[in-house]
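Asker: Got a structure for you, upload28.cif, holding mmCIF, C-alpha atoms (C1' of nucleotides).
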data_run
loop_
_atom_site.label_atom_id
_atom_site.label_comp_id
_atom_site.auth_asym_id
_atom_site.auth_seq_id
_atom_site.Cartn_x
_atom_site.Cartn_y
_atom_site.Cartn_z
CA MET A 1 21.34 8.20 19.23
CA ILE A 2 24.66 9.51 17.93
CA ASP A 3 24.72 11.72 14.83
CA GLN A 4 20.98 11.36 14.35
CA ASN A 5 20.96 14.29 11.95
CA ALA A 6 24.59 14.36 10.87
CA ASN A 7 25.13 14.47 7.14
CA THR A 8 26.77 11.07 6.99
CA THR A 9 26.42 8.79 4.00
CA ARG A 10 24.41 6.47 6.18
CA ASN A 11 21.88 9.20 6.90
CA GLN A 12 21.78 10.22 3.26
CA ILE A 13 20.90 6.63 2.40
CA LEU A 14 18.15 6.61 5.01
CA ASP A 15 16.74 9.90 3.72
CA ALA A 16 16.79 8.67 0.13
CA ALA A 17 15.12 5.41 1.16
CA ARG A 18 12.43 7.26 3.11
CA GLU A 19 11.65 9.39 0.10
CA LEU A 20 11.61 6.50 -2.36
CA PHE A 21 9.70 4.11 -0.09
CA ALA A 22 7.09 6.84 0.38
CA LYS A 23 6.81 7.29 -3.37
CA HIS A 24 7.09 3.76 -4.75
CA GLY A 25 6.66 1.48 -1.74
CA TYR A 26 9.19 -0.94 -0.28
CA ALA A 27 8.92 -3.63 -2.94
CA GLY A 28 8.83 -1.00 -5.66
CA THR A 29 12.15 0.52 -4.62
CA SER A 30 15.42 -1.20 -5.51
CA ILE A 31 18.79 -0.79 -3.85
CA ALA A 32 20.00 0.61 -7.16
CA ASP A 33 17.31 3.31 -6.94
CA VAL A 34 18.49 4.28 -3.46
CA ALA A 35 22.12 4.26 -4.56
CA ASN A 36 21.37 6.49 -7.55
CA GLN A 37 19.42 8.95 -5.44
CA VAL A 38 22.35 9.25 -3.06
CA GLY A 39 24.86 9.30 -5.87
CA THR A 40 26.71 6.15 -4.91
CA SER A 41 26.74 2.49 -5.95
CA LYS A 42 24.81 -0.56 -4.77
CA ALA A 43 27.89 -1.88 -3.00
CA GLY A 44 28.24 1.50 -1.38
CA VAL A 45 24.83 1.04 0.16
CA TYR A 46 25.72 -2.46 1.28
CA TYR A 47 28.76 -1.14 3.10
CA HIS A 48 26.42 0.76 5.44
CA PHE A 49 23.58 -1.78 5.66
CA ARG A 50 23.73 -5.53 5.65
CA SER A 51 20.48 -5.85 3.70
CA LYS A 52 17.56 -3.95 2.23
CA GLU A 53 15.49 -5.07 5.18
CA GLU A 54 17.95 -3.49 7.60
CA ILE A 55 17.30 -0.14 5.94
CA LEU A 56 13.60 -0.66 6.41
CA ASP A 57 14.11 -1.57 10.06
CA ALA A 58 16.13 1.59 10.65
CA ILE A 59 13.30 3.65 9.17
CA LEU A 60 10.52 1.86 11.03
CA ASP A 61 12.30 1.88 14.35
CA GLN A 62 11.31 5.35 15.55
CA PRO A 63 7.63 5.37 14.53
CA ILE A 64 6.99 1.92 15.94
CA LEU A 65 8.68 2.86 19.21
CA SER A 66 6.63 6.04 19.34
CA LEU A 67 3.42 4.07 18.80
CA SER A 68 4.37 1.56 21.49
CA LYS A 69 5.10 4.29 23.99
CA LEU A 70 1.77 5.94 23.31
CA VAL A 71 -0.12 2.69 23.88
CA GLU A 72 1.78 2.00 27.11
CA ARG A 73 1.27 5.53 28.36
CA ALA A 74 -2.43 5.43 27.47
CA ALA A 75 -2.95 2.23 29.43
CA VAL A 76 -1.33 3.66 32.55
CA GLU A 77 -2.43 7.27 32.52
CA HIS A 78 -6.02 6.70 31.44
CA LEU A 79 -5.89 9.32 28.69
CA SER A 80 -9.09 10.92 27.43
CA PRO A 81 -10.09 10.38 23.78
CA GLU A 82 -9.01 13.94 23.06
CA GLN A 83 -5.58 13.36 24.59
CA LEU A 84 -5.23 10.02 22.79
CA LEU A 85 -6.14 11.35 19.36
CA SER A 86 -4.05 14.44 19.95
CA ALA A 87 -0.97 12.41 20.82
CA TYR A 88 -1.52 10.08 17.89
CA ILE A 89 -1.80 12.95 15.42
CA ASP A 90 1.39 14.51 16.79
CA GLY A 91 3.20 11.19 16.53
CA MET A 92 2.24 10.91 12.86
CA ALA A 93 3.31 14.48 12.22
CA ARG A 94 6.75 13.69 13.59
CA SER A 95 7.19 10.54 11.51
CA GLY A 96 6.29 12.09 8.19
CA LYS A 97 4.88 10.85 4.94
CA VAL A 98 6.85 7.62 4.80
CA LEU A 99 4.93 6.22 7.75
CA ILE A 100 1.52 6.12 6.15
CA ALA A 101 3.05 4.76 2.96
CA LEU A 102 4.79 1.92 4.76
CA TRP A 103 1.79 1.43 6.96
CA ASN A 104 -0.31 0.55 3.93
CA ASP A 105 2.47 -1.31 2.17
CA LEU A 106 1.34 -4.91 1.90
CA SER A 107 4.85 -6.03 0.96
CA ILE A 108 5.99 -5.46 4.55
CA GLN A 109 2.82 -6.45 6.35
CA GLU A 110 4.50 -9.50 7.85
CA LYS A 111 7.07 -7.31 9.55
CA LEU A 112 4.41 -4.94 10.86
CA THR A 113 2.51 -7.92 12.22
CA ARG A 114 5.66 -9.10 13.97
CA HIS A 115 5.89 -5.70 15.64
CA ASN A 116 2.20 -5.88 16.61
CA VAL A 117 1.44 -2.61 14.86
CA GLU A 118 -2.13 -3.52 14.01
CA GLU A 119 -2.67 -4.86 17.51
CA LYS A 120 -1.45 -1.59 19.02
CA CYS A 121 -3.78 0.41 16.82
CA GLY A 122 -6.54 -1.93 17.92
CA GLN A 123 -5.71 -1.07 21.51
CA ILE A 124 -5.99 2.62 20.78
CA ILE A 125 -9.34 2.01 19.11
CA SER A 126 -10.47 -0.01 22.14
CA LEU A 127 -9.51 2.81 24.45
CA LEU A 128 -11.41 5.25 22.25
CA ALA A 129 -14.45 2.97 22.34
CA GLY A 130 -14.49 3.04 26.13
CA PRO A 131 -14.95 0.42 28.84
CA GLN A 132 -18.19 -1.23 27.63
CA PRO A 133 -17.82 -1.09 23.88
CA THR A 134 -20.98 -1.82 21.96
CA GLU A 135 -20.57 -2.58 18.26
CA GLY A 136 -21.68 0.97 17.54
CA LYS A 137 -19.06 2.48 19.84
CA LEU A 138 -16.37 0.39 18.16
CA ILE A 139 -17.42 1.61 14.72
CA ARG A 140 -17.30 5.20 15.94
CA ALA A 141 -13.88 4.61 17.48
CA ARG A 142 -12.60 3.21 14.20
CA ALA A 143 -14.00 6.22 12.42
CA ALA A 144 -12.29 8.65 14.80
CA PHE A 145 -8.99 6.81 14.41
CA ALA A 146 -9.33 6.94 10.63
CA VAL A 147 -9.80 10.70 10.80
CA ALA A 148 -6.65 11.03 12.90
CA GLN A 149 -4.77 8.93 10.33
CA THR A 150 -5.61 11.37 7.55
CA ALA A 151 -3.40 13.85 9.38
CA ILE A 152 -0.48 12.47 7.44
CA ASN A 153 -2.13 13.09 4.07
CA ILE A 154 -2.93 16.62 5.06
CA ILE A 155 0.60 17.16 6.29
CA SER A 156 1.93 15.85 2.98
CA SER A 157 -0.19 18.32 1.04
CA HIS A 158 0.93 21.21 3.24
CA ASN A 159 4.67 20.86 2.75
CA GLY A 160 5.22 18.70 5.80
CA TYR A 161 3.72 21.19 8.20
CA LEU A 162 0.56 20.88 10.32
CA SER A 163 -0.65 24.28 11.49
CA PRO A 164 -2.33 24.56 14.89
CA GLU A 165 -5.58 25.61 13.21
CA ILE A 166 -5.71 22.60 10.93
CA ARG A 167 -4.63 20.31 13.75
CA LYS A 168 -7.51 21.54 15.85
CA GLU A 169 -10.00 21.20 13.00
CA LEU A 170 -8.88 17.63 12.45
CA LEU A 171 -9.01 16.75 16.12
CA ASP A 172 -12.52 18.18 16.41
CA ALA A 173 -13.68 16.20 13.39
CA ALA A 174 -12.27 13.02 14.94
CA LEU A 175 -14.00 13.71 18.24
CA ARG A 176 -17.29 14.38 16.53
CA ALA A 177 -16.98 11.14 14.57
CA LEU A 178 -16.47 9.44 17.93
CA GLY A 179 -19.71 10.99 19.15
CA GLN A 180 -18.00 13.35 21.60
CA PRO A 181 -18.25 16.88 20.30
CA PRO A 182 -15.38 18.91 21.77
CA ALA A 183 -16.39 20.83 24.88
CA HIS A 184 -14.31 23.88 24.06
CA ILE A 185 -16.63 25.37 21.46
CA MET B 186 -20.68 -8.61 -19.68
CA ILE B 187 -20.95 -12.27 -20.69
CA ASP B 188 -20.34 -15.00 -18.09
CA GLN B 189 -19.49 -12.44 -15.41
CA ASN B 190 -19.89 -15.06 -12.73
CA ALA B 191 -19.43 -18.24 -14.72
CA ASN B 192 -16.90 -20.66 -13.29
CA THR B 193 -14.52 -20.33 -16.20
CA THR B 194 -10.76 -20.61 -15.77
CA ARG B 195 -10.51 -16.94 -16.62
CA ASN B 196 -12.77 -16.01 -13.73
CA GLN B 197 -10.92 -18.37 -11.41
CA ILE B 198 -7.73 -16.55 -12.30
CA LEU B 199 -9.37 -13.19 -11.60
CA ASP B 200 -10.69 -14.41 -8.25
CA ALA B 201 -7.29 -15.78 -7.26
CA ALA B 202 -5.60 -12.54 -8.32
CA ARG B 203 -8.10 -10.47 -6.33
CA GLU B 204 -7.42 -12.52 -3.24
CA LEU B 205 -3.64 -12.46 -3.62
CA PHE B 206 -3.43 -8.78 -4.59
CA ALA B 207 -5.52 -7.96 -1.53
CA LYS B 208 -3.16 -9.99 0.66
CA HIS B 209 0.28 -9.26 -0.77
CA GLY B 210 -0.21 -6.29 -3.10
CA TYR B 211 0.30 -6.18 -6.87
CA ALA B 212 4.10 -6.15 -6.87
CA GLY B 213 4.17 -8.78 -4.13
CA THR B 214 2.12 -11.26 -6.15
CA SER B 215 3.72 -13.24 -8.97
CA ILE B 216 2.04 -14.95 -11.89
CA ALA B 217 3.32 -18.20 -10.45
CA ASP B 218 1.45 -17.45 -7.21
CA VAL B 219 -1.77 -16.88 -9.14
CA ALA B 220 -1.24 -20.02 -11.21
CA ASN B 221 -0.64 -22.12 -8.08
CA GLN B 222 -3.72 -20.76 -6.37
CA VAL B 223 -5.84 -21.70 -9.39
CA GLY B 224 -4.05 -25.00 -9.82
CA THR B 225 -2.64 -24.34 -13.26
CA SER B 226 0.67 -23.24 -14.75
CA LYS B 227 2.14 -19.83 -15.55
CA ALA B 228 1.61 -20.40 -19.25
CA GLY B 229 -1.96 -21.36 -18.47
CA VAL B 230 -2.47 -17.92 -17.01
CA TYR B 231 -0.85 -16.31 -20.03
CA TYR B 232 -3.27 -18.10 -22.30
CA HIS B 233 -6.11 -16.10 -20.73
CA PHE B 234 -4.29 -12.79 -20.19
CA ARG B 235 -1.62 -11.15 -22.32
CA SER B 236 0.20 -9.74 -19.29
CA LYS B 237 0.10 -9.35 -15.55
CA GLU B 238 -1.07 -5.79 -16.06
CA GLU B 239 -4.06 -6.98 -18.07
CA ILE B 240 -5.20 -8.96 -15.04
CA LEU B 241 -4.91 -5.84 -12.94
CA ASP B 242 -6.88 -3.84 -15.49
CA ALA B 243 -9.67 -6.41 -15.51
CA ILE B 244 -9.88 -6.17 -11.72
CA LEU B 245 -9.74 -2.36 -11.58
CA ASP B 246 -12.21 -1.87 -14.38
CA GLN B 247 -15.44 -2.14 -12.38
CA PRO B 248 -14.48 -0.11 -9.30
CA ILE B 249 -13.02 2.74 -11.36
CA LEU B 250 -16.09 2.82 -13.57
CA SER B 251 -18.30 2.85 -10.49
CA LEU B 252 -16.33 5.75 -9.01
CA SER B 253 -16.52 7.69 -12.28
CA LYS B 254 -20.26 7.19 -12.50
CA LEU B 255 -20.72 8.42 -8.95
CA VAL B 256 -18.73 11.58 -9.62
CA GLU B 257 -20.65 12.28 -12.83
CA ARG B 258 -23.98 11.64 -11.18
CA ALA B 259 -23.05 13.82 -8.21
CA ALA B 260 -22.15 16.73 -10.46
CA VAL B 261 -25.46 16.57 -12.28
CA GLU B 262 -27.92 15.63 -9.56
CA HIS B 263 -26.54 17.85 -6.83
CA LEU B 264 -26.45 15.06 -4.24
CA SER B 265 -26.48 15.88 -0.54
CA PRO B 266 -23.45 14.88 1.58
CA GLU B 267 -25.52 12.06 3.03
CA GLN B 268 -26.38 10.75 -0.42
CA LEU B 269 -22.80 11.12 -1.60
CA LEU B 270 -21.24 9.31 1.34
CA SER B 271 -23.95 6.69 1.23
CA ALA B 272 -23.35 5.96 -2.42
CA TYR B 273 -19.59 5.88 -1.91
CA ILE B 274 -19.85 3.40 0.96
CA ASP B 275 -22.11 1.17 -1.10
CA GLY B 276 -19.71 1.31 -4.02
CA MET B 277 -16.85 0.18 -1.77
CA ALA B 278 -18.98 -2.59 -0.34
CA ARG B 279 -19.60 -3.90 -3.85
CA SER B 280 -15.94 -3.84 -4.83
CA GLY B 281 -14.63 -5.68 -1.81
CA LYS B 282 -11.38 -5.85 0.04
CA VAL B 283 -9.15 -5.81 -3.01
CA LEU B 284 -10.11 -2.22 -3.78
CA ILE B 285 -8.66 -0.61 -0.68
CA ALA B 286 -5.57 -2.77 -1.03
CA LEU B 287 -4.96 -1.69 -4.61
CA TRP B 288 -5.97 1.83 -3.77
CA ASN B 289 -3.06 2.09 -1.33
CA ASP B 290 -0.70 0.06 -3.47
CA LEU B 291 2.11 2.40 -4.46
CA SER B 292 3.34 -0.05 -7.08
CA ILE B 293 0.32 0.79 -9.26
CA GLN B 294 -0.03 4.46 -8.39
CA GLU B 295 0.92 5.49 -11.91
CA LYS B 296 -2.00 3.56 -13.34
CA LEU B 297 -4.42 5.03 -10.82
CA THR B 298 -3.15 8.49 -11.69
CA ARG B 299 -3.76 7.75 -15.36
CA HIS B 300 -7.36 6.90 -14.48
CA ASN B 301 -7.68 10.11 -12.42
CA VAL B 302 -8.71 8.19 -9.33
CA GLU B 303 -7.25 10.67 -6.90
CA GLU B 304 -8.75 13.55 -8.85
CA LYS B 305 -12.18 11.94 -8.70
CA CYS B 306 -11.91 11.47 -4.96
CA GLY B 307 -10.87 15.10 -4.74
CA GLN B 308 -14.06 16.04 -6.56
CA ILE B 309 -16.13 14.09 -4.06
CA ILE B 310 -14.32 15.84 -1.24
CA SER B 311 -14.95 19.20 -2.91
CA LEU B 312 -18.65 18.43 -3.18
CA LEU B 313 -18.68 17.44 0.50
CA ALA B 314 -16.96 20.69 1.40
CA GLY B 315 -19.70 22.70 -0.31
CA PRO B 316 -19.73 25.71 -2.65
CA GLN B 317 -17.52 28.13 -0.65
CA PRO B 318 -15.00 25.81 0.93
CA THR B 319 -12.92 27.35 3.68
CA GLU B 320 -9.80 25.46 4.69
CA GLY B 321 -11.71 24.18 7.71
CA LYS B 322 -14.54 22.84 5.57
CA LEU B 323 -12.05 21.06 3.35
CA ILE B 324 -10.42 19.39 6.34
CA ARG B 325 -13.82 18.25 7.58
CA ALA B 326 -14.71 16.96 4.13
CA ARG B 327 -11.47 14.97 4.00
CA ALA B 328 -12.24 13.58 7.42
CA ALA B 329 -15.73 12.51 6.38
CA PHE B 330 -14.38 10.85 3.26
CA ALA B 331 -11.77 9.02 5.33
CA VAL B 332 -14.49 7.66 7.57
CA ALA B 333 -16.41 6.40 4.56
CA GLN B 334 -13.23 4.72 3.30
CA THR B 335 -12.93 2.67 6.46
CA ALA B 336 -16.10 0.90 5.39
CA ILE B 337 -13.92 -1.49 3.48
CA ASN B 338 -11.87 -2.44 6.55
CA ILE B 339 -15.00 -3.01 8.54
CA ILE B 340 -16.45 -5.11 5.74
CA SER B 341 -13.28 -7.18 5.65
CA SER B 342 -13.49 -7.88 9.36
CA HIS B 343 -17.15 -8.86 9.09
CA ASN B 344 -16.80 -11.62 6.48
CA GLY B 345 -17.46 -9.36 3.54
CA TYR B 346 -20.83 -8.20 4.79
CA LEU B 347 -21.92 -4.73 5.87
CA SER B 348 -25.08 -4.87 7.96
CA PRO B 349 -27.60 -2.01 7.72
CA GLU B 350 -26.95 -1.11 11.38
CA ILE B 351 -23.18 -0.80 10.93
CA ARG B 352 -23.66 1.01 7.65
CA LYS B 353 -25.85 3.58 9.38
CA GLU B 354 -23.42 3.98 12.27
CA LEU B 355 -20.59 4.60 9.83
CA LEU B 356 -22.57 7.06 7.76
CA ASP B 357 -23.57 8.99 10.87
CA ALA B 358 -19.97 9.15 12.04
CA ALA B 359 -18.91 10.49 8.64
CA LEU B 360 -21.64 13.13 8.68
CA ARG B 361 -20.69 14.22 12.20
CA ALA B 362 -17.05 14.48 11.15
CA LEU B 363 -18.27 16.71 8.34
CA GLY B 364 -20.05 18.89 10.88
CA GLN B 365 -23.53 17.89 9.77
CA PRO B 366 -25.08 15.71 12.44
CA PRO B 367 -27.70 13.49 10.79
CA ALA B 368 -31.20 14.92 11.05
CA HIS B 369 -32.89 11.58 11.60
CA ILE B 370 -31.98 11.20 15.27
"C1'" DG C 371 -6.59 -25.18 -23.31
"C1'" DT C 372 -2.98 -26.63 -20.73
"C1'" DC C 373 1.53 -28.23 -20.14
"C1'" DT C 374 7.20 -28.21 -19.89
"C1'" DA C 375 11.11 -25.74 -21.04
"C1'" DT C 376 13.43 -21.71 -21.69
"C1'" DA C 377 14.58 -17.02 -22.89
"C1'" DA C 378 15.50 -12.26 -21.13
"C1'" DG C 379 16.01 -9.14 -17.60
"C1'" DG C 380 15.84 -7.25 -12.90
"C1'" DG C 381 16.97 -7.39 -8.05
"C1'" DG C 382 19.48 -8.57 -3.78
"C1'" DA C 383 23.80 -9.49 -2.31
"C1'" DT C 384 29.07 -10.46 -2.42
"C1'" DA C 385 34.17 -10.41 -3.99
"C1'" DG C 386 37.95 -7.98 -4.44
"C1'" DA C 387 40.46 -3.88 -6.39
"C1'" DC C 388 41.51 0.86 -5.15
"C1'" DG D 389 34.59 3.93 2.14
"C1'" DT D 390 33.55 3.42 -2.37
"C1'" DC D 391 33.94 1.35 -6.78
"C1'" DT D 392 33.34 -2.41 -10.83
"C1'" DA D 393 32.23 -6.90 -11.86
"C1'" DT D 394 29.80 -10.81 -10.90
"C1'" DC D 395 26.70 -14.48 -8.87
"C1'" DC D 396 22.31 -16.37 -8.36
"C1'" DC D 397 17.58 -16.40 -7.88
"C1'" DC D 398 13.10 -14.84 -9.06
"C1'" DT D 399 9.86 -12.79 -12.33
"C1'" DT D 400 7.61 -11.77 -16.64
"C1'" DA D 401 6.77 -13.62 -20.86
"C1'" DT D 402 7.15 -16.87 -24.99
"C1'" DA D 403 7.88 -21.32 -27.84
"C1'" DG D 404 6.27 -25.36 -28.96
"C1'" DA D 405 4.58 -30.17 -27.63
"C1'" DC D 406 0.26 -32.54 -26.41
#
Would you give me this structure, written as C-alpha cells?

Answerer:
Amino acid sequence: MIDQNANTTRNQILDAARELFAKHGYAGTSIADVANQVGTSKAGVYYHFRSKEEILDAILDQPILSLSKLVERAAVEHLSPEQLLSAYIDGMARSGKVLIALWNDLSIQEKLTRHNVEEKCGQIISLLAGPQPTEGKLIRARAAFAVAQTAINIISSHNGYLSPEIRKELLDAALRALGQPPAHI
Amino acid sequence: MIDQNANTTRNQILDAARELFAKHGYAGTSIADVANQVGTSKAGVYYHFRSKEEILDAILDQPILSLSKLVERAAVEHLSPEQLLSAYIDGMARSGKVLIALWNDLSIQEKLTRHNVEEKCGQIISLLAGPQPTEGKLIRARAAFAVAQTAINIISSHNGYLSPEIRKELLDAALRALGQPPAHI
DNA sequence: GTCTATAAGGGGATAGAC
DNA sequence: GTCTATCCCCTTATAGAC
C-alpha cells in the first residue's frame, strides 16, 4: 500500500518488468533484460526481489485480486450481464496491457491455475449464461466474455485509454453476442 | 505433401511438438521434452530437423498458408461477413489447439510478424467493418473476430470436435456482435 | 536412423567488495 | 543499495560411434 507510485528503484523494476513481460512474455524476459531497462545490474534487481517469480507475483497481485473481488461481488449482488461485463472491462482497463499478455502466457499457466484464474472466469461466464444454461447459452456467454476481453487490445492500440464511446460500443457488442441487445437504444 | 499422415518418426516429432507447444508454449518446450515424448533422444530429433525453429516452421506452415488463402480469396470474391467468419472458424477448427497457443505466444511474435499474421487478421477485420468503417464499426468488427477466435477454445474443450449446432451458435453470436443479426432466424 | 557424450552459451541466483 | 565476478544448471546444437 505504501509508496504505490513512488519513484523507487523497486517500482522502476516493476514497471520495466511489466513492459518487457507484455512485449516478450515471462519466459522470454530475462533478469538481465529487466536490469538493463532500469539501468542497473542483475544483482541490483535481486536486492529488491528474491526471485524472478516474486516480480511476477507482485505484478499479478492486483489484477488477480480485482478479478476475485468481482466474482465475489457478482455472486452476492446478483449483477446483471451488463453490470458484469461493464465491471470486467473496467477491471481490464485498470490493469493494462500486461494482463492480457500474462493471461495468455503458457509459461506461467501453472501459477494462474493455482490462483484459480480460469475457474473465476468460468464463474463469470456461468453468471452470464444464466440460471439454466443450455449449451447454446454457454456458447453465447463465452462469446460475450471474449468480446469484453478484447477491450485490452483496443486499449493498447489507443495509447492506454478507453474512451466512453468505445467502451459503450464494446459493451453493446458483448451484450448482443450474448443475445441481449442493450435496452438503451 | 508426401506422407502427410504417415506414422514416420518425423511426424511423431511434429505431433509431440504440437501437443507440447500447445501446453507449455514454444519457449517453455525443450528439444529434450519433445524427444522424451516421442521416446527418442535429442540427437534423434536433430536428425529430422536442423533446429528447433524448423520444427516450429513446419507446424506454422499450414495455418499461415490457410489464413493467407482466406485473405486473398476474400479480397477477390467479396465474401459476406457470414462467409468470412464461417471460413475463419473452419480454418481454426482444422488447425487445432496449437494454433491459438502459438498465436498468443509472445516468444515467437517476431516470426508471426514476419509472416504478416497480424496484418492479415487486420485485413479480415477491415473487410468485416465494411467499406466506410467508422470507429464504431471497427470496434464491432474486432468484437466479431474475437468471437470467431474463441472457436478454438470451444473446440479444445469438446475433444477437438466442433458440432454443427455449436458452430452455428458461435457464428450467430459473432454476427450479432458485428451488428448484423443472422437473417436465417 | 538412432544413440552417448560433449561443446558453447544463456539464465537464475549468490558472494562479497564498495 | 549497487556493483563485479562467479556458480551451476538447463538448453540448443554437434561429433562421432553403432

Asker: Any chance you could tabulate, as CSV, the residues of chain D at most 10 Å from chain B with each one's nearest atom pair and distance in Å to one decimal, using only C-alpha atoms (C1' of nucleotides), in chain and rising number order?

Answerer:
residue,atom,partner,partner_atom,distance
D:DC398,C1',B:Ser215,CA,9.5
D:DT399,C1',B:Ser215,CA,7.0
D:DT400,C1',B:Lys237,CA,8.0
D:DA401,C1',B:Ser236,CA,7.8
D:DT402,C1',B:Ala228,CA,8.7

Asker: Could you work out how far CA of Ala174 in chain A lies from CA of Leu347 in chain B, giving the answer in Å with one decimal?

Answerer: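 If I compute the distance from CA of Leu347 in chain B to CA of Ala174 in chain A, I get 22.1 Å.
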
Asker: Give me the residues within 7 Å of range 241-257 of chain B as a VMD selection string, counting all atoms listed in the file and dropping any in the same chain fewer than 4 places off.

Answerer: chain B and resid 237 261 276 280 305 309

Asker: With all atoms listed in the file counted and 9 Å as the cut-off, give the residues of chain B in contact with chain C, each with its shortest interatomic distance in Å and the pair that gives it, as a Markdown table.

Answerer:
| residue | atom | partner | partner_atom | distance |
| --- | --- | --- | --- | --- |
| B:Thr225 | CA | C:DT372 | C1' | 7.8 |
| B:Ser226 | CA | C:DC373 | C1' | 7.4 |
| B:Ala228 | CA | C:DT372 | C1' | 7.9 |
| B:Gly229 | CA | C:DT372 | C1' | 5.8 |
| B:Tyr232 | CA | C:DG371 | C1' | 7.9 |

Asker: Separation of CA of Ile337 in chain B and CA of Asn104 in chain A, in Å?

Answerer: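 Answer for the CA of Ile337 in chain B to CA of Asn104 in chain A separation: 13.8 Å.
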
Asker: Once the PyMOL selection byres ((chain B) within 10 of (chain A)) has been applied to the shown file, what residues remain in the selection, as a PyMOL selection string?

Answerer: chain B and resi 206-214+285-295+320-336+338-339+350-366

Asker: Can you work out the spacing between CA of Phe49 in chain A and C1' of DT394 in chain D in Å, to one decimal?

Answerer: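 About the pair CA of Phe49 in chain A and C1' of DT394 in chain D: they are 19.9 Å apart.
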
Asker: Residues near Asn11 in chain A, anyone? I mean within 12 Å using all atoms listed in the file, not counting same-chain ones fewer than 4 positions away, as a ChimeraX atom specification.

Answerer: /A:2-7,15-18,34,38,45,48-49,55,58-59

Asker: Box along x, y and z, 8 Å on every side, all listed atoms of range 46-65 of chain A inside: centre and edge lengths in Å to one decimal, as AutoDock Vina command-line options.

Answerer:
--center_x 17.9 --center_y -0.2 --center_z 10.2 --size_x 37.8 --size_y 27.2 --size_z 33.9
